[in-house]
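Below: one structure, written as structure tokens.
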Amino acid sequence: MNIAAFAASSVMEVYSEPVRQVGEILGKNGHTLIFGGCDFGLMHEIAEGFVRAGAEITGVVPGFFGERPVHPGCGSVIKTVDLTDRKEKMIELADAFLILPGGIGTLDELFTVLAKRTVGQCTKPVLVFNPDGYYDAFLQALDGMHQAGAIRNALAELVHCFQEPEQVIEVLMHE
């Protein structure tokens, strides 16, 4: 399976090793990584996990990033025009989505996938890695929107959450 991982380009030390572990587990189970290509932040860490497992990695990098370092583990690099083009290319190539701790860019990518799922344009699974409750407030907000009637789908229909790296395969297999 091609796993598109959306993650922070920022360094978030507390999540570095758990994110690497998730990548290593996925890679050892025969999955490939599609990610933003960056060699920094949590994007770097998920790629490192796949590298540890000897798995294939594809980086999808906007051309305007210029000379920013691309993770050396990328077996292939796809250049795109901008962030929107990158996001759409990753969605196209993915068989499943892995949401890791991140910020505005990660949420933008997640919301695009969720919007597509809500209107039936995407049926691919969405896994949310929620270590230490990182996404709890966000998930509560989505559940509240569902309860209020603003979102038709129950949260469990949209995303599958896990908190420990070892749970990623179990969650993926239940999709």
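Chain labels follow the order of the structure tokens: the first chain is A, the next B, and so on; residue numbering restarts at 1 in every chain, and ligands are counted from 1 in their shown order.
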Can you tell me, as a VMD selection string, what residues are no more than 10 Å from range 146-153 of chain A when counting only C-alpha atoms, ignoring any on the same chain fewer than 5 positions away? chain A and resid 115 117 to 119 140 to 141 158
Could you pull out all residues of chain A with a DSSP call of strand (DSSP E) and give them as a PyMOL selection string? chain A and resi 2-6+32-35+57-62+76-80+96-99+126-129+160-162
Fewer than 4 positions away in the same chain doesn't count, so skip those; otherwise give me all residues within 12 Å of Glu170 in chain A, counting only C-alpha atoms, as JSON, numbers by chain. {"A": [22, 25, 26, 29, 127, 160, 161, 162, 163, 164, 165, 166, 174, 175]}
Could you pull out the residues in chain A that DSSP calls alpha helix (DSSP H) from the backbone, as JSON, numbers by chain? {"A": [13, 14, 15, 16, 17, 18, 19, 20, 21, 22, 23, 24, 25, 26, 27, 28, 41, 42, 43, 44, 45, 46, 47, 48, 49, 50, 51, 52, 83, 84, 85, 86, 87, 88, 89, 90, 91, 92, 93, 104, 105, 106, 107, 108, 109, 110, 111, 112, 113, 114, 115, 116, 117, 118, 136, 137, 138, 139, 140, 141, 142, 143, 144, 145, 146, 147, 148, 155, 156, 157, 158, 168, 169, 170, 171, 172, 173]}
Skipping near chain neighbours, those fewer than 2 positions away, what residues fall within 12 Å of Tyr15 in chain A using only C-alpha atoms, listed as a ChimeraX atom specification? /A:7-8,10-13,17-22,41-46,100-102,129-134,163-165
Residue with the minimum atom-to-atom distance to Met1 in chain A, picked from A:Leu155, A:Val77, A:Ala53, A:Ala96 with only C-alpha atoms counted, is A:Ala96
Would you mind listing what lies within 6 Å of range 66-72 of chain A as number ranges by chain, with only C-alpha atoms counted and same-chain residues fewer than 4 positions away left out? A: 37-39
Please produce a file of the residues just selected, as a compact mmCIF listing (two decimals), in the first residue's frame, where the atoms kept are C-alpha atoms.
```
# COMPACT_ATOMS: atom_id res chain seq x y z
CA GLY A 37 10.00 14.99 0.70
CA CYS A 38 11.52 17.29 3.32
CA ASP A 39 14.59 16.29 5.27
```
